[in-house]
Amino acid sequence: MTKIDSDLTASELISRSMSGELSREELRELESYKSQMDAQQTEAVQAFESLTAWIERSAAQGKEDVSRDSDGLSELSKERLKRAIRSAQRDSWSAGNGWHDTASKVAETPTSYLSQDATESADIRQAVSRFTLLSKIGEGGLGTVWLARDERLRRNVAIKEMSPKAAASPRLWRRFQREAEITGHLEHPNVVPLYMSGVNPETKMPFYAMRFVGKQTLAEAIREFHAKVKAHVDEPIDLHRLLNVFLKVCQAIAFAHSRGVIHRDLKPENVVLDNFGQVIVLDWGLAKLDSDGELALRLSLAGDASNAHLSQTIDGDVVGTPLYMSPEQAAGDLDKLDARTDVYGLGAILFAILTGNAPHENSHRSVDGSLRVEEFLNCIAGREAPDPRAVNSDIPHDLAAICQRAMARERFARHATATDLAAEVERWIAGKHEKETRYDAMRLAGRDLKSRLCVQLRQLGTSTQFMVELPPIQELVDSFDGDSDEYAIWRERLSQILIALARSKPNVSGYSFSRLADDRVQEIVRVERSLHDFSHIRSVPQSRLRSGVANNFQRAVFEQYPGDGVMDFECTASGAVRVTCGVPVFDARSEEPFGLVVAEAEVGNLVRPELELMDTPQQVYLVDGSGHVMFTSSRDTSALKKMASEITSKWDEIQTTLVDGCEYMDPDREVYANRLVFPQRNNSIYILLTAN
Amino acid sequence: MASKESDFEIPETKVFQAQLDPEEWVDAYGDEFYRYARSRLRDSQAAEEVVQETFLAGIVHQEEYSGRGSQKAWLHAILRRKLIDLLRKRAKLEQSWGGETDPTVFFFDEKGRWKPNTLPQVGPDDRLNTSELWSVVQKCLEQLPAGQADVFVLSVMEEWTSEEICKELQISSSNLWVRLHRARLSLARCVSLKWPASDKMSFFHDKDGS
């Protein structure tokens, strides 16, 4: 029994009592100890008990909260988990004995493979009995692929053995044989090398042994890449790597075509990658041989038993995988299948790389969401090339166009050969680097122009503020309702000063000083640059001075505190766009607002000298908030029209990006945009640059 | 170890989820299992590993699933076993459990008497904020030595008896009670420091100002 000799011991007992683990005797002793406590001790015990009980209640409730918590596994973690599961499933299947983890037992039991003909020599028997099965890699319609150990050469190999179910069909038997023969005759770095073929005497099933080329397929690499994109942790090099894989697949297919072999079942699952960048195209079981192709001829001369069927298409076969199938395959036009069918398949792989989806993944679904094969195939047969940008608008236009051309419905519209397709993708990769460099220059020019315009506008603001401080302004305020002679003298003096000021600021279009009262504006002095002779600056005669109801800009200036200004831009009657800067004028004696001074400058006059200094090769456009072009450096009307249509199509995207304070970056690297904000008027001038 | 199936309610919102293919487990159960594991382990990486081990074990032992209960509950039972395995390994590794972080010095003087004003009084209004308190308690659990936090989780959240905890973690009964007591004191101290101040609470302040 515990003897309570301190608060510490008592607190331990309290703790145990919370778990309901105290004996009656201990409880009694604890109560007795508590009854002897002073007020301070009692308060401490109560605080501990109530706070701990509250904490434990929250923990007991919190344990049920797991489904409501928003923080789950990341996309990358999920992809990692899925890969681990797929790998474990393969290992589990390899046990071949339900779900027990007996793979290791299989590996310990050598399985002998004997030659096709039982009467063949003992040498061949020895040759084929050197493999030990390790684990099952995968299973397809034709048979099973095993990872095996070549004991003689001490290396891993892959062995594909036909399944008894498939072997029951003479057609599939022929296909298996043909796959082995075609694979064995295609000697290329991107086609898996075949070591030997034969029949397993135990199962009586045909098999062939080939190089073990790793487990990751292009499909898995694509899934991983798009999971990264989704999690915003992708890098430009990731896409570049996948495109390089694609080029190697093109090379393998171009080589096969040169030997008269058409693959007919190209899809990311049939491309295997190893850790050292090697790319292997697998599954030539559906391949077709051109009757006059080199390989068909060679096999024919060799007198191969199965060669009679090699150049024939097998009637009734489902040739290809629907999700990646070409229109001629889907339509069942088997006599139309040629090298361009594989070009379509390559385009479909490129589509998967760019979008993460198979091209026909969302082609046709019935109301209940199910997929009916017949309707699906009809849909593919009659369908124009799918647009990758419809799935992902970030894909560059020209790369999407390459993909669409390869997947054109009509065969003649596709790239003529796999080599042509590869060359076009290579040109895009090379051009991408050039575009990046050009885009960097464009971005620098855009930022430079913005900062130069900021300086110009700041100077315009400074000269307007300077005008307010001129002595004739205050003298005109004083004499406005008084002596007309004095008023005329000061008016003349102010005109002279403003003319001199305008001469020193060649990009300024005019200055004015106006009275604003009862929401009406009346110009007192106005000097302006002649529209016809830019060097001529005149003072506008009193009879031509403007008056009328104040506009929003003038009202906004009038509401400012002394020294503060408002800047805005407006479209003039002549079509020119002017930046206006206004500062209020106060009566020094009454301290009431009297009027305003305004400086004006045409946007073109502000921008042109800066562009000459920058000597930028890009086309520059200044656009207002509605998307109207206010200024362009381009004299080419067709370029202007093209730009106007480009702006219209991208305007929402550009505006949204720039509102968030970022620079706009076009996925094709053809357009750059930033903006100058006029905060008082909630207005902006958008600066757009395009590559020549 | 006694079965604790009954204390974990698993809502099966869709009937077809009952028999999913292993490849679908990640999307269907991954997030919830991960959150469950993380709330018990307080370690994201360890939680992810436990979820992965659970799914892999599910594949290996799939034929043992009778199909009578839900697949999710069956996988969840595996998850709990995996969690216990990890906690047991962690308990073995934790040689110097809690010795260097004995919170009793903050509450008791050298004679073993309560120090004044070391903990706030919890008022009736505060008790209403139990769900908000849970997020504070989670943060505090992360700061506790694993030896203290693990026994607290097993005792309070998993509602294990002291015998079960001692047996699974292979610790003595006295060890368990000292750990649990220290966990309670540490949590009380941590919560009183992190819980937003109110007029009803006179907060504990360290002499060093923490």
# chains A, B, ... in the order shown; residues from 1 in each chain; ligands from 1
>>> residues_around(residues="segment 392-404 of chain A", least_positions_apart="5", cutoff="8 Å", atoms="only C-alpha atoms", output="PyMOL selection string")
chain A and resi 347-348+350-351+354-355+385-387+421+424-425+428+667-668
>>> select_by_dssp(residues="segment 460-585 of chain A", states="strand (DSSP E or B)", output="PyMOL selection string")
chain A and resi 510-517+520-529+537-539+547-549+566-571+577-585
>>> residues_around(residues="segment 74-89 of chain A", least_positions_apart="5", cutoff="9 Å", atoms="only C-alpha atoms", output="MDAnalysis selection string")
(chainID A and resid 94 99 137 215 220 223:224 227:228 230:231) or (chainID B and resid 22:27 30:31 48 51:52 55:56 59:60)
>>> write_last_selection(atoms="N, CA and C atoms", output="PDB file, in the first residue's frame")
ATOM      1  N   SER A  94       3.822 -13.624 -57.637  1.00  0.00           N
ATOM      2  CA  SER A  94       4.934 -14.494 -57.998  1.00  0.00           C
ATOM      3  C   SER A  94       4.977 -15.732 -57.105  1.00  0.00           C
ATOM      4  N   TRP A  99      -1.993 -15.712 -51.423  1.00  0.00           N
ATOM      5  CA  TRP A  99      -1.424 -14.444 -50.992  1.00  0.00           C
ATOM      6  C   TRP A  99      -0.303 -14.624 -49.987  1.00  0.00           C
ATOM      7  N   ILE A 137       6.969 -10.980 -62.668  1.00  0.00           N
ATOM      8  CA  ILE A 137       7.033  -9.537 -62.938  1.00  0.00           C
ATOM      9  C   ILE A 137       5.675  -9.023 -63.394  1.00  0.00           C
ATOM     10  N   LYS A 215      11.796  -2.527 -64.013  1.00  0.00           N
ATOM     11  CA  LYS A 215      10.368  -2.663 -63.736  1.00  0.00           C
ATOM     12  C   LYS A 215       9.560  -1.425 -64.065  1.00  0.00           C
ATOM     13  N   GLU A 220       4.258   4.530 -65.609  1.00  0.00           N
ATOM     14  CA  GLU A 220       4.515   4.906 -64.210  1.00  0.00           C
ATOM     15  C   GLU A 220       5.279   6.223 -64.135  1.00  0.00           C
ATOM     16  N   ARG A 223       2.852   8.953 -64.698  1.00  0.00           N
ATOM     17  CA  ARG A 223       2.009   9.182 -63.509  1.00  0.00           C
ATOM     18  C   ARG A 223       2.781   9.981 -62.458  1.00  0.00           C
ATOM     19  N   GLU A 224       4.046   9.596 -62.267  1.00  0.00           N
ATOM     20  CA  GLU A 224       4.884  10.267 -61.270  1.00  0.00           C
ATOM     21  C   GLU A 224       5.068  11.739 -61.644  1.00  0.00           C
ATOM     22  N   ALA A 227       1.913  13.657 -61.035  1.00  0.00           N
ATOM     23  CA  ALA A 227       1.680  13.836 -59.583  1.00  0.00           C
ATOM     24  C   ALA A 227       2.541  14.995 -59.079  1.00  0.00           C
ATOM     25  N   LYS A 228       3.755  15.093 -59.610  1.00  0.00           N
ATOM     26  CA  LYS A 228       4.635  16.206 -59.228  1.00  0.00           C
ATOM     27  C   LYS A 228       4.059  17.532 -59.706  1.00  0.00           C
ATOM     28  N   LYS A 230       0.998  18.213 -60.208  1.00  0.00           N
ATOM     29  CA  LYS A 230      -0.172  18.524 -59.372  1.00  0.00           C
ATOM     30  C   LYS A 230       0.254  19.103 -58.024  1.00  0.00           C
ATOM     31  N   ALA A 231       1.377  18.575 -57.525  1.00  0.00           N
ATOM     32  CA  ALA A 231       1.857  19.044 -56.216  1.00  0.00           C
ATOM     33  C   ALA A 231       2.757  20.272 -56.354  1.00  0.00           C
TER      34      ALA A 231
ATOM     35  N   PRO B  22      -6.539  -3.708 -53.972  1.00  0.00           N
ATOM     36  CA  PRO B  22      -5.462  -3.051 -53.219  1.00  0.00           C
ATOM     37  C   PRO B  22      -5.001  -1.734 -53.831  1.00  0.00           C
ATOM     38  N   GLU B  23      -5.027  -1.627 -55.153  1.00  0.00           N
ATOM     39  CA  GLU B  23      -4.563  -0.377 -55.776  1.00  0.00           C
ATOM     40  C   GLU B  23      -5.470   0.798 -55.428  1.00  0.00           C
ATOM     41  N   GLU B  24      -6.698   0.483 -55.015  1.00  0.00           N
ATOM     42  CA  GLU B  24      -7.642   1.557 -54.683  1.00  0.00           C
ATOM     43  C   GLU B  24      -7.602   1.935 -53.201  1.00  0.00           C
ATOM     44  N   TRP B  25      -6.872   1.150 -52.410  1.00  0.00           N
ATOM     45  CA  TRP B  25      -6.855   1.402 -50.968  1.00  0.00           C
ATOM     46  C   TRP B  25      -6.299   2.791 -50.646  1.00  0.00           C
ATOM     47  N   VAL B  26      -5.261   3.178 -51.404  1.00  0.00           N
ATOM     48  CA  VAL B  26      -4.596   4.445 -51.074  1.00  0.00           C
ATOM     49  C   VAL B  26      -5.585   5.591 -51.159  1.00  0.00           C
ATOM     50  N   ASP B  27      -6.335   5.643 -52.279  1.00  0.00           N
ATOM     51  CA  ASP B  27      -7.277   6.755 -52.428  1.00  0.00           C
ATOM     52  C   ASP B  27      -8.461   6.637 -51.464  1.00  0.00           C
ATOM     53  N   GLY B  30      -6.313   5.887 -47.525  1.00  0.00           N
ATOM     54  CA  GLY B  30      -4.979   6.423 -47.216  1.00  0.00           C
ATOM     55  C   GLY B  30      -5.009   7.628 -46.287  1.00  0.00           C
ATOM     56  N   ASP B  31      -5.819   8.624 -46.646  1.00  0.00           N
ATOM     57  CA  ASP B  31      -5.824   9.859 -45.856  1.00  0.00           C
ATOM     58  C   ASP B  31      -6.262   9.606 -44.410  1.00  0.00           C
ATOM     59  N   GLU B  48       3.282   7.640 -42.243  1.00  0.00           N
ATOM     60  CA  GLU B  48       3.236   7.211 -43.645  1.00  0.00           C
ATOM     61  C   GLU B  48       3.776   5.786 -43.784  1.00  0.00           C
ATOM     62  N   VAL B  51       1.250   3.255 -42.524  1.00  0.00           N
ATOM     63  CA  VAL B  51       0.152   3.052 -43.475  1.00  0.00           C
ATOM     64  C   VAL B  51       0.626   2.144 -44.618  1.00  0.00           C
ATOM     65  N   GLN B  52       1.860   2.392 -45.084  1.00  0.00           N
ATOM     66  CA  GLN B  52       2.388   1.551 -46.172  1.00  0.00           C
ATOM     67  C   GLN B  52       2.505   0.102 -45.704  1.00  0.00           C
ATOM     68  N   PHE B  55      -0.909  -1.592 -45.695  1.00  0.00           N
ATOM     69  CA  PHE B  55      -1.414  -2.006 -47.003  1.00  0.00           C
ATOM     70  C   PHE B  55      -0.642  -3.219 -47.522  1.00  0.00           C
ATOM     71  N   LEU B  56       0.674  -3.215 -47.328  1.00  0.00           N
ATOM     72  CA  LEU B  56       1.470  -4.341 -47.821  1.00  0.00           C
ATOM     73  C   LEU B  56       1.092  -5.623 -47.077  1.00  0.00           C
ATOM     74  N   ILE B  59      -2.061  -6.984 -48.444  1.00  0.00           N
ATOM     75  CA  ILE B  59      -1.906  -7.760 -49.687  1.00  0.00           C
ATOM     76  C   ILE B  59      -1.456  -9.183 -49.364  1.00  0.00           C
ATOM     77  N   VAL B  60      -0.464  -9.287 -48.481  1.00  0.00           N
ATOM     78  CA  VAL B  60       0.095 -10.607 -48.169  1.00  0.00           C
ATOM     79  C   VAL B  60      -0.951 -11.500 -47.491  1.00  0.00           C
TER      80      VAL B  60
END
>>> select_by_dssp(residues="segment 407-569 of chain A", states="alpha helix (DSSP H)", output="PyMOL selection string")
chain A and resi 418-468+471-479+484-504+552-558
>>> closest_residue(among="A:Met37, A:Leu51, A:Ala168, A:Val229", to="chain B", atoms="only C-alpha atoms")
A:Leu51
>>> residues_around(residues="Val153 of chain B", least_positions_apart="5", cutoff="10 Å", atoms="only C-alpha atoms", output="PyMOL selection string")
(chain A and resi 56+59-60+63) or (chain B and resi 39-41+141+148+158-160+180+183)
